[in-house]
Every structure is written in structure tokens, then in C-alpha cells.
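Engineer: Sharing coords_8.txt (compact mmCIF, C-alpha atoms and all ligand atoms) below.
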# COMPACT_ATOMS: atom_id res chain seq x y z
CA MET B 20 0.00 0.00 0.00
CA THR B 21 1.23 3.53 -0.69
CA ALA B 22 1.91 6.22 1.91
CA ASN B 23 -1.51 7.87 1.37
CA GLN B 24 -3.52 4.74 2.06
CA PRO B 25 -4.74 3.81 5.54
CA GLU B 26 -2.62 1.23 7.31
CA LEU B 27 -3.75 -2.36 7.26
CA LEU B 28 -3.63 -3.99 10.68
CA ILE B 29 -3.17 -7.76 10.81
CA ARG B 30 -4.05 -9.17 14.23
CA ALA B 31 -5.40 -12.25 15.97
CA ALA B 32 -9.15 -12.77 15.69
CA SER B 33 -10.99 -12.37 18.96
CA ALA B 34 -14.35 -13.64 20.16
CA ALA B 35 -15.39 -9.97 20.30
CA ASP B 36 -15.12 -9.84 16.48
CA TRP B 37 -17.95 -12.32 16.02
CA GLU B 38 -20.59 -10.02 14.56
CA ALA B 39 -18.27 -8.46 11.99
CA LEU B 40 -16.89 -11.86 11.05
CA ALA B 41 -20.36 -13.43 10.78
CA ALA B 42 -21.31 -10.64 8.36
CA LEU B 43 -18.11 -11.06 6.35
CA ARG B 44 -18.53 -14.84 6.08
CA ASP B 45 -22.10 -14.31 4.82
CA LEU B 46 -21.16 -12.05 1.88
CA PRO B 47 -22.15 -13.52 -1.51
CA GLY B 48 -18.62 -13.39 -2.91
CA VAL B 49 -17.19 -15.07 0.16
CA ARG B 50 -19.85 -17.78 0.04
CA ALA B 51 -19.12 -18.43 -3.65
CA GLY B 52 -15.44 -19.07 -2.94
CA THR B 53 -15.85 -21.09 0.26
CA LEU B 54 -18.14 -23.72 1.75
CA ARG B 55 -20.29 -21.28 3.73
CA LEU B 56 -24.00 -22.09 3.72
CA PRO B 57 -26.74 -19.50 3.12
CA PHE B 58 -28.71 -18.41 6.18
CA ALA B 59 -26.04 -19.62 8.56
CA PRO B 60 -26.93 -18.39 12.06
CA PRO B 61 -24.50 -15.58 13.02
CA GLU B 62 -24.03 -17.22 16.44
CA GLN B 63 -22.26 -20.10 14.67
CA THR B 64 -19.37 -17.73 14.12
CA ARG B 65 -19.37 -16.70 17.79
CA LYS B 66 -19.22 -20.35 18.87
CA TRP B 67 -16.49 -21.09 16.34
CA LEU B 68 -14.36 -18.22 17.67
CA GLU B 69 -14.97 -19.20 21.29
CA ASN B 70 -13.96 -22.79 20.62
CA LEU B 71 -10.70 -22.17 18.80
CA THR B 72 -7.80 -24.15 20.23
CA GLU B 73 -4.02 -24.20 19.95
CA THR B 74 -4.39 -26.03 16.67
CA ASP B 75 -6.00 -22.92 15.15
CA THR B 76 -4.27 -19.72 14.09
CA VAL B 77 -6.95 -17.26 13.04
CA ILE B 78 -6.19 -13.70 12.02
CA VAL B 79 -8.11 -10.73 10.70
CA ALA B 80 -7.24 -7.71 8.59
CA GLU B 81 -8.53 -4.40 9.87
CA LEU B 82 -8.69 -1.17 7.88
CA GLU B 83 -9.69 2.03 9.68
CA GLY B 84 -11.38 -0.01 12.41
CA ARG B 85 -13.33 -2.22 10.00
CA ILE B 86 -12.66 -5.93 9.63
CA VAL B 87 -12.04 -6.54 5.93
CA GLY B 88 -10.42 -9.97 5.89
CA LEU B 89 -10.20 -13.27 7.72
CA ALA B 90 -7.71 -16.10 7.36
CA GLY B 91 -6.79 -19.16 9.34
CA LEU B 92 -4.67 -22.25 9.65
CA HIS B 93 -6.00 -25.40 11.25
CA ARG B 94 -3.23 -27.76 12.22
CA HIS B 95 -3.68 -31.52 11.93
CA LYS B 96 -2.84 -33.96 14.72
CA GLY B 97 -0.50 -36.89 15.32
CA ARG B 98 1.62 -37.88 12.37
CA ARG B 99 0.11 -35.04 10.33
CA GLN B 100 0.96 -32.30 12.81
CA HIS B 101 3.47 -30.82 10.35
CA ALA B 102 0.49 -29.99 8.09
CA ALA B 103 -2.34 -27.48 8.30
CA ASP B 104 -5.42 -26.53 6.29
CA LEU B 105 -5.68 -22.93 5.14
CA GLY B 106 -8.80 -20.86 4.55
CA MET B 107 -9.23 -17.18 3.80
CA SER B 108 -11.78 -14.54 2.83
CA VAL B 109 -11.55 -10.87 1.96
CA HIS B 110 -14.61 -8.60 2.16
CA ASP B 111 -16.38 -8.35 -1.22
CA ASP B 112 -15.91 -4.55 -1.29
CA TYR B 113 -12.17 -4.64 -0.49
CA ARG B 114 -10.81 -7.03 -3.10
CA ARG B 115 -7.62 -6.55 -5.08
CA ARG B 116 -6.03 -4.17 -2.59
CA GLY B 117 -3.36 -6.52 -1.30
CA ILE B 118 -5.36 -7.62 1.75
CA GLY B 119 -5.41 -11.29 0.79
CA ARG B 120 -1.68 -11.24 0.15
CA ALA B 121 -1.00 -9.56 3.52
CA LEU B 122 -3.09 -12.17 5.36
CA LEU B 123 -1.46 -15.06 3.52
CA GLU B 124 2.06 -13.76 4.13
CA ALA B 125 1.32 -13.41 7.84
CA LEU B 126 0.08 -17.00 8.08
CA ILE B 127 2.96 -18.41 6.04
CA ASN B 128 5.44 -16.55 8.23
CA ALA B 129 3.79 -17.94 11.38
CA ALA B 130 3.74 -21.46 9.91
CA ASP B 131 7.35 -21.39 8.69
CA ARG B 132 9.01 -19.63 11.60
CA TRP B 133 6.94 -20.25 14.71
CA LEU B 134 4.57 -23.16 14.38
CA GLY B 135 6.79 -25.75 12.69
CA ILE B 136 4.18 -26.29 10.01
CA SER B 137 5.97 -27.34 6.83
CA ARG B 138 2.97 -28.23 4.67
CA ILE B 139 0.01 -25.91 4.12
CA GLU B 140 -2.83 -27.44 2.14
CA LEU B 141 -6.14 -26.26 0.76
CA THR B 142 -8.86 -26.81 -1.80
CA VAL B 143 -9.99 -24.09 -4.18
CA PHE B 144 -12.72 -24.08 -6.85
CA THR B 145 -11.09 -24.58 -10.24
CA ASP B 146 -12.54 -21.31 -11.59
CA ASN B 147 -11.51 -19.17 -8.60
CA GLU B 148 -8.80 -17.32 -10.52
CA ALA B 149 -8.26 -14.73 -7.81
CA ALA B 150 -7.46 -17.28 -5.13
CA ILE B 151 -5.45 -19.55 -7.44
CA GLY B 152 -3.34 -16.57 -8.57
CA LEU B 153 -2.72 -15.52 -4.99
CA TYR B 154 -1.76 -19.03 -3.89
CA ARG B 155 0.55 -19.61 -6.85
CA GLN B 156 2.37 -16.35 -6.12
CA ALA B 157 2.91 -17.60 -2.56
CA GLY B 158 4.45 -20.88 -3.73
CA PHE B 159 1.45 -23.22 -3.67
CA VAL B 160 1.37 -25.89 -6.37
CA THR B 161 -1.53 -27.95 -7.70
CA GLU B 162 -1.50 -31.56 -6.53
CA GLY B 163 -4.75 -32.76 -8.08
CA VAL B 164 -8.36 -32.15 -9.00
CA LEU B 165 -11.38 -33.38 -7.06
CA LYS B 166 -14.42 -33.66 -9.32
CA SER B 167 -17.96 -32.62 -8.31
CA TRP B 168 -16.60 -31.83 -4.88
CA ALA B 169 -19.16 -29.36 -3.56
CA LEU B 170 -22.52 -27.87 -4.45
CA ARG B 171 -22.23 -24.25 -5.45
CA ASP B 172 -25.22 -22.20 -6.56
CA GLY B 173 -27.07 -25.11 -8.13
CA ALA B 174 -24.22 -27.14 -9.63
CA LEU B 175 -21.53 -29.46 -8.35
CA ALA B 176 -18.15 -27.82 -8.78
CA ASP B 177 -14.61 -29.18 -9.05
CA VAL B 178 -11.74 -28.08 -6.82
CA LEU B 179 -7.98 -28.08 -7.09
CA VAL B 180 -5.99 -29.52 -4.23
CA MET B 181 -3.06 -27.16 -3.65
CA ALA B 182 -0.22 -27.24 -1.16
CA ARG B 183 2.86 -25.28 -0.22
CA LEU B 184 5.84 -27.12 1.25
CA ARG B 185 8.20 -25.01 3.32
CA PRO B 186 11.15 -24.20 1.05
C1 LIG G 1 -9.09 -14.93 -3.02
C2 LIG G 1 -9.10 -13.65 -2.20
C3 LIG G 1 -8.80 -14.00 -0.74
C4 LIG G 1 -8.01 -12.69 -2.74
O1 LIG G 1 -7.96 -11.57 -1.87
P1 LIG G 1 -7.57 -10.11 -2.40
O2 LIG G 1 -7.34 -9.26 -1.20
O3 LIG G 1 -8.59 -9.64 -3.36
O4 LIG G 1 -6.22 -10.41 -3.17
P2 LIG G 1 -4.95 -9.43 -3.31
O5 LIG G 1 -5.40 -8.05 -3.65
O6 LIG G 1 -4.05 -9.58 -2.14
O7 LIG G 1 -4.26 -10.05 -4.62
C5 LIG G 1 -3.10 -10.84 -4.54
C6 LIG G 1 -2.94 -11.63 -5.84
O8 LIG G 1 -4.05 -12.51 -6.01
C7 LIG G 1 -4.37 -12.59 -7.41
N1 LIG G 1 -5.70 -12.01 -7.63
C8 LIG G 1 -6.46 -11.35 -6.73
N2 LIG G 1 -7.64 -11.00 -7.29
C9 LIG G 1 -7.60 -11.45 -8.55
C10 LIG G 1 -8.54 -11.42 -9.62
N3 LIG G 1 -9.75 -10.84 -9.47
N4 LIG G 1 -8.20 -12.00 -10.79
C11 LIG G 1 -7.01 -12.59 -10.95
N5 LIG G 1 -6.06 -12.64 -9.97
C12 LIG G 1 -6.37 -12.09 -8.79
C13 LIG G 1 -3.33 -11.79 -8.14
O9 LIG G 1 -2.26 -12.66 -8.40
C14 LIG G 1 -2.95 -10.77 -7.08
O10 LIG G 1 -1.68 -10.22 -7.27
P3 LIG G 1 -1.53 -8.87 -8.16
O11 LIG G 1 -2.55 -7.89 -7.64
O12 LIG G 1 -0.11 -8.47 -7.89
O13 LIG G 1 -1.80 -9.28 -9.56
C15 LIG G 1 -10.48 -12.93 -2.35
O14 LIG G 1 -10.78 -12.80 -3.71
C16 LIG G 1 -11.64 -13.64 -1.65
O15 LIG G 1 -11.79 -13.52 -0.45
N6 LIG G 1 -12.48 -14.38 -2.40
C17 LIG G 1 -13.69 -15.00 -1.83
C18 LIG G 1 -13.38 -16.10 -0.85
C19 LIG G 1 -12.42 -17.07 -1.45
O16 LIG G 1 -12.50 -17.42 -2.62
N7 LIG G 1 -11.48 -17.53 -0.62
C20 LIG G 1 -10.50 -18.50 -1.04
C21 LIG G 1 -11.03 -19.86 -0.76
S1 LIG G 1 -9.91 -21.14 -1.32
In C-alpha cells, what does this structure look like?

Structural biologist:
Amino acid sequence: MTANQPELLIRAASAADWEALAALRDLPGVRAGTLRLPFAPPEQTRKWLENLTETDTVIVAELEGRIVGLAGLHRHKGRRQHAADLGMSVHDDYRRRGIGRALLEALINAADRWLGISRIELTVFTDNEAAIGLYRQAGFVTEGVLKSWALRDGALADVLVMARLRP
């Protein structure tokens, strides 16, 4: 971001953020790129935040006091504890301003340097060019395609399986 733009704050998500995060997760663009269901009760997000554990690293992006992005890692257990799932969403009205990249860089840094997570994995709809471009730039590679993986707006959609191994 340039000097004239407001500063983007990346911080841990807190249970107190639940209403803003419930609204963000319910945006049409966010739903289209994720597995969020329509008419999800907002309190689901409150419970989710309250029940996070040490296996979860969940962060938000805040711009001038408004939450504009959410991203998280969920670490696996046992013999897969070196690996974590990644999910992320940027507010529909704040796309293509570098917020997704800032969130992803923060999580990758935490994974690489603090959490000992050497494999970050995710699924992404095959036509989600924004997310695929972002992930590729960050070093994720495609490992496969899962066909008819999830229902999206009336049709079953395919996803790519992508992963980033710590260099
Ligand atoms: C995917 C998502 C997180 C990207 O966030 P963003 O803040 O808009 O992305 P950024 O501005 O940081 O862009 C970083 C890079 O992503 C890629 N990208 C972002 N938007 C793009 C678009 N509309 N078309 C093509 N590439 C795009 C580009 O490579 C971009 O780098 P560049 O601007 O230097 O070209 C956002 O679109 C989103 O939340 N989508 C809905 C939810 C979702 O799909 N989540 C991912 C689930 S797997």
C-alpha cells in the first residue's frame, strides 16, 4: 500500500469480532469461494471463535477499524501435525487491494518460523482465478483435482488440491 492509504492492521481474531466476522462470512462473494451455507446463524461464528484451540491460528485484517479480511490455519494432529489446512476470505468490497496477500504472508510466516508447520494445504474451486493466482504467487502448487466436490449455486463444482511445502 502507498503512503496515502490507511494502514492495514493484521491481528489475531478475537471472540469480540464475532458479529463483523459473521457478516463477512455471509457475503455472496465469500460464500461463492468457500463452503459457507446460506442463512447460517450468526451465532455459529461466535461459537467457532470461542472454541478455537491451539491447533487454530486465526487472524483478521482491519482497515480504519473495519474488519475486511479473515484467514486461518488449522493444524492436523499426530503424524500429520506438520500440516495445516488454510482458509481465507476478503470482504467483497475490499478485493484486489493486497489484503489477501498480507493475510497469507502473515500465516505463512507464522507457519514457517513459529509453528513448525511445513505443509500448508487447501482446496480451491477450479474457476476461482483470484485465489489460485494468490496461492501460486505464494508458492502453492496444484497436486490434483477433485471432481464434483461441492454444491455451489445449483451445480456441483470441481476443486484443485493445492499445497505449499516449506522451502
Ligand atoms: C481470493 C481472495 C482472498 C483474494 O484476496 P484479495 O485481497 O482480493 O487479493 P490481493 O489483492 O491480495 O491479490 C493478490 C494476488 O491474487 C491474485 N488475484 C487477486 N484477485 C484477482 C482477480 N480478481 N483476478 C485474478 N487474480 C487475482 C493476483 O495474483 C494478485 O496479485 P496482483 O494484484 O499483484 O496481480 C479474495 O478474492 C476472496 O476472499 N475471495 C472469496 C473467498 C475465497 O474465494 N477464498 C479462497 C477460498 S480457497

Engineer: When distances are computed from only C-alpha atoms, which of B:Ile136, B:Ala174, B:Ala169, B:Ala102 shows the smallest separation from B:Arg55?

Structural biologist: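 Under the stated criterion, the closest residue is B:Ala169.
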
Engineer: Show me, as a PyMOL selection string, the residues that have an atom within 9 Å of B:Leu123 when counting all atoms listed in the file, minus same-chain residues fewer than 3 positions from it.

Structural biologist: chain B and resi 90-91+107+118-120+126-128+153-154+157

Engineer: I need the residues from that last selection saved to file as an mmCIF file, keeping the file's coordinate frame (with C-alpha atoms), if you can.

Structural biologist:
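This is the output file result.cif:
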data_model
loop_
_atom_site.group_PDB
_atom_site.id
_atom_site.type_symbol
_atom_site.label_atom_id
_atom_site.label_comp_id
_atom_site.auth_asym_id
_atom_site.auth_seq_id
_atom_site.Cartn_x
_atom_site.Cartn_y
_atom_site.Cartn_z
ATOM 1 C CA ALA B 90 -7.710 -16.100 7.360
ATOM 2 C CA GLY B 91 -6.790 -19.160 9.340
ATOM 3 C CA MET B 107 -9.230 -17.180 3.800
ATOM 4 C CA ILE B 118 -5.360 -7.620 1.750
ATOM 5 C CA GLY B 119 -5.410 -11.290 0.790
ATOM 6 C CA ARG B 120 -1.680 -11.240 0.150
ATOM 7 C CA LEU B 126 0.080 -17.000 8.080
ATOM 8 C CA ILE B 127 2.960 -18.410 6.040
ATOM 9 C CA ASN B 128 5.440 -16.550 8.230
ATOM 10 C CA LEU B 153 -2.720 -15.520 -4.990
ATOM 11 C CA TYR B 154 -1.760 -19.030 -3.890
ATOM 12 C CA ALA B 157 2.910 -17.600 -2.560
#

Engineer: So which residues are near ligand LIG 1 (chain G), meaning at most 6 Å away with only C-alpha atoms and all ligand atoms counted, given back as a list of chain:residue names?

Structural biologist: B:Gly48, B:Val49, B:Gly52, B:Thr53, B:Gly106, B:Met107, B:Ser108, B:Val109, B:Arg114, B:Arg115, B:Arg116, B:Gly117, B:Ile118, B:Gly119, B:Arg120, B:Thr142, B:Val143, B:Glu148, B:Ala149, B:Ala150, B:Gly152, B:Leu153

Engineer: Restricting the calculation to only C-alpha atoms, which member of B:Gln156, B:Ser167, B:Ser33, B:Asn23 is positioned closest to B:Ala80?

Structural biologist: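 Answer, going by the shortest atom-to-atom distance: B:Ser33.
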
Engineer: Excluding B:Asp131 and its own-chain neighbours fewer than 5 positions away, which residues fall within 10 Å of it when counting all atoms listed in the file? Please give them as a VMD selection string.

Structural biologist: chain B and resid 126 136 to 139 184 to 186

Engineer: Could those selected residues go to a file with C-alpha atoms, as a PDB file, in the frame of the given file?

Structural biologist:
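And here is the file that came out, again-v2.pdb:
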ATOM      1  CA  LEU B 126       0.080 -17.000   8.080  1.00  0.00           C
ATOM      2  CA  ILE B 136       4.180 -26.290  10.010  1.00  0.00           C
ATOM      3  CA  SER B 137       5.970 -27.340   6.830  1.00  0.00           C
ATOM      4  CA  ARG B 138       2.970 -28.230   4.670  1.00  0.00           C
ATOM      5  CA  ILE B 139       0.010 -25.910   4.120  1.00  0.00           C
ATOM      6  CA  LEU B 184       5.840 -27.120   1.250  1.00  0.00           C
ATOM      7  CA  ARG B 185       8.200 -25.010   3.320  1.00  0.00           C
ATOM      8  CA  PRO B 186      11.150 -24.200   1.050  1.00  0.00           C
TER       9      PRO B 186
END

Engineer: Could you list, as a ChimeraX atom specification, every residue within 9 Å of B:Asp36, counting all atoms listed in the file and ignoring same-chain residues fewer than 3 positions away?

Structural biologist: /B:32-33,39-41,65,68,86

Engineer: Using all atoms listed in the file, pick whichever of B:Gln63, B:Asp177, B:Ala125, B:Phe159 has the shortest atom-to-atom distance to B:Val77.

Structural biologist: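 That would be B:Ala125, the residue with the smallest distance to B:Val77.
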
Engineer: Atom CA of B:Thr64 and atom CA of B:Ala35, how far apart in Å?

Structural biologist: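 These two atoms are separated by 10.7 Å.
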
Engineer: Give as an MDAnalysis selection string every residue, naming chains and numbers as the document does, that has an atom within 9 Å of (-11.4, -27.5, -6.0), counting only C-alpha atoms.

Structural biologist: chainID B and resid 141:147 163:169 176:181

Engineer: Go ahead and compute the interatomic distance for atom CA of B:Leu105 and atom CA of B:Val87, in Å to one decimal.

Structural biologist: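 Here the two named atoms are 17.6 Å from each other.
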
Engineer: Taking into account only C-alpha atoms, which residue in the set B:Val160, B:Ile151, B:His101, B:Asp45 is nearest to B:Ala59?

Structural biologist: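 Between B:Val160, B:Ile151, B:His101, B:Asp45, the residue approaching B:Ala59 most closely is B:Asp45.
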
Engineer: Which of these, B:Leu170, B:Arg30, B:Ala103, B:Leu82, has the shortest distance to B:Leu56 once you count all atoms listed in the file?

Structural biologist: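 Going through B:Leu170, B:Arg30, B:Ala103, B:Leu82 one by one, the smallest distance to B:Leu56 is for B:Leu170.
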
Engineer: For atom CA of B:Ala182 and atom CA of B:Arg44, quote the distance in Å rounded to one decimal.

Structural biologist: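 Calculated distance between atom CA of B:Ala182 and atom CA of B:Arg44 is 23.3 Å.
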
Engineer: Give me stretch 108-133 of chain B with N, CA and C atoms filled in, as a PDB file, keeping the file's coordinate frame.

Structural biologist:
ATOM      1  N   SER B 108     -10.725 -15.316   3.478  1.00  0.00           N
ATOM      2  CA  SER B 108     -11.780 -14.540   2.830  1.00  0.00           C
ATOM      3  C   SER B 108     -11.501 -13.059   3.008  1.00  0.00           C
ATOM      4  N   VAL B 109     -11.645 -12.338   1.916  1.00  0.00           N
ATOM      5  CA  VAL B 109     -11.550 -10.870   1.960  1.00  0.00           C
ATOM      6  C   VAL B 109     -12.934 -10.316   1.647  1.00  0.00           C
ATOM      7  N   HIS B 110     -13.312  -9.268   2.344  1.00  0.00           N
ATOM      8  CA  HIS B 110     -14.610  -8.600   2.160  1.00  0.00           C
ATOM      9  C   HIS B 110     -14.838  -8.293   0.673  1.00  0.00           C
ATOM     10  N   ASP B 111     -16.059  -8.546   0.197  1.00  0.00           N
ATOM     11  CA  ASP B 111     -16.380  -8.350  -1.220  1.00  0.00           C
ATOM     12  C   ASP B 111     -16.013  -6.943  -1.718  1.00  0.00           C
ATOM     13  N   ASP B 112     -16.146  -5.937  -0.854  1.00  0.00           N
ATOM     14  CA  ASP B 112     -15.910  -4.550  -1.290  1.00  0.00           C
ATOM     15  C   ASP B 112     -14.444  -4.129  -1.162  1.00  0.00           C
ATOM     16  N   TYR B 113     -13.579  -5.030  -0.738  1.00  0.00           N
ATOM     17  CA  TYR B 113     -12.170  -4.640  -0.490  1.00  0.00           C
ATOM     18  C   TYR B 113     -11.195  -5.536  -1.242  1.00  0.00           C
ATOM     19  N   ARG B 114     -11.668  -6.119  -2.331  1.00  0.00           N
ATOM     20  CA  ARG B 114     -10.810  -7.030  -3.100  1.00  0.00           C
ATOM     21  C   ARG B 114      -9.742  -6.272  -3.872  1.00  0.00           C
ATOM     22  N   ARG B 115      -8.705  -7.005  -4.192  1.00  0.00           N
ATOM     23  CA  ARG B 115      -7.620  -6.550  -5.080  1.00  0.00           C
ATOM     24  C   ARG B 115      -6.927  -5.297  -4.534  1.00  0.00           C
ATOM     25  N   ARG B 116      -6.777  -5.274  -3.200  1.00  0.00           N
ATOM     26  CA  ARG B 116      -6.030  -4.170  -2.590  1.00  0.00           C
ATOM     27  C   ARG B 116      -4.848  -4.704  -1.797  1.00  0.00           C
ATOM     28  N   GLY B 117      -4.522  -5.954  -1.998  1.00  0.00           N
ATOM     29  CA  GLY B 117      -3.360  -6.520  -1.300  1.00  0.00           C
ATOM     30  C   GLY B 117      -3.689  -7.098   0.070  1.00  0.00           C
ATOM     31  N   ILE B 118      -4.990  -7.132   0.413  1.00  0.00           N
ATOM     32  CA  ILE B 118      -5.360  -7.620   1.750  1.00  0.00           C
ATOM     33  C   ILE B 118      -5.172  -9.134   1.838  1.00  0.00           C
ATOM     34  N   GLY B 119      -5.602  -9.840   0.800  1.00  0.00           N
ATOM     35  CA  GLY B 119      -5.410 -11.290   0.790  1.00  0.00           C
ATOM     36  C   GLY B 119      -3.932 -11.648   0.887  1.00  0.00           C
ATOM     37  N   ARG B 120      -3.121 -10.942   0.121  1.00  0.00           N
ATOM     38  CA  ARG B 120      -1.680 -11.240   0.150  1.00  0.00           C
ATOM     39  C   ARG B 120      -1.103 -10.986   1.551  1.00  0.00           C
ATOM     40  N   ALA B 121      -1.522  -9.883   2.180  1.00  0.00           N
ATOM     41  CA  ALA B 121      -1.000  -9.560   3.520  1.00  0.00           C
ATOM     42  C   ALA B 121      -1.398 -10.644   4.528  1.00  0.00           C
ATOM     43  N   LEU B 122      -2.637 -11.113   4.447  1.00  0.00           N
ATOM     44  CA  LEU B 122      -3.090 -12.170   5.360  1.00  0.00           C
ATOM     45  C   LEU B 122      -2.306 -13.464   5.120  1.00  0.00           C
ATOM     46  N   LEU B 123      -2.148 -13.805   3.847  1.00  0.00           N
ATOM     47  CA  LEU B 123      -1.460 -15.060   3.520  1.00  0.00           C
ATOM     48  C   LEU B 123       0.002 -15.003   3.956  1.00  0.00           C
ATOM     49  N   GLU B 124       0.650 -13.880   3.709  1.00  0.00           N
ATOM     50  CA  GLU B 124       2.060 -13.760   4.130  1.00  0.00           C
ATOM     51  C   GLU B 124       2.195 -13.903   5.639  1.00  0.00           C
ATOM     52  N   ALA B 125       1.250 -13.326   6.377  1.00  0.00           N
ATOM     53  CA  ALA B 125       1.320 -13.410   7.840  1.00  0.00           C
ATOM     54  C   ALA B 125       1.176 -14.861   8.305  1.00  0.00           C
ATOM     55  N   LEU B 126       0.270 -15.599   7.676  1.00  0.00           N
ATOM     56  CA  LEU B 126       0.080 -17.000   8.080  1.00  0.00           C
ATOM     57  C   LEU B 126       1.266 -17.870   7.666  1.00  0.00           C
ATOM     58  N   ILE B 127       1.796 -17.621   6.488  1.00  0.00           N
ATOM     59  CA  ILE B 127       2.960 -18.410   6.040  1.00  0.00           C
ATOM     60  C   ILE B 127       4.145 -18.136   6.960  1.00  0.00           C
ATOM     61  N   ASN B 128       4.334 -16.892   7.320  1.00  0.00           N
ATOM     62  CA  ASN B 128       5.440 -16.550   8.230  1.00  0.00           C
ATOM     63  C   ASN B 128       5.268 -17.268   9.573  1.00  0.00           C
ATOM     64  N   ALA B 129       4.045 -17.259  10.096  1.00  0.00           N
ATOM     65  CA  ALA B 129       3.790 -17.940  11.380  1.00  0.00           C
ATOM     66  C   ALA B 129       4.042 -19.441  11.231  1.00  0.00           C
ATOM     67  N   ALA B 130       3.577 -20.011  10.130  1.00  0.00           N
ATOM     68  CA  ALA B 130       3.740 -21.460   9.910  1.00  0.00           C
ATOM     69  C   ALA B 130       5.215 -21.829   9.801  1.00  0.00           C
ATOM     70  N   ASP B 131       5.943 -21.073   8.978  1.00  0.00           N
ATOM     71  CA  ASP B 131       7.350 -21.390   8.690  1.00  0.00           C
ATOM     72  C   ASP B 131       8.245 -21.177   9.912  1.00  0.00           C
ATOM     73  N   ARG B 132       8.011 -20.080  10.627  1.00  0.00           N
ATOM     74  CA  ARG B 132       9.010 -19.630  11.600  1.00  0.00           C
ATOM     75  C   ARG B 132       8.645 -19.872  13.056  1.00  0.00           C
ATOM     76  N   TRP B 133       7.371 -20.138  13.322  1.00  0.00           N
ATOM     77  CA  TRP B 133       6.940 -20.250  14.710  1.00  0.00           C
ATOM     78  C   TRP B 133       6.192 -21.527  15.033  1.00  0.00           C
TER      79      TRP B 133
END
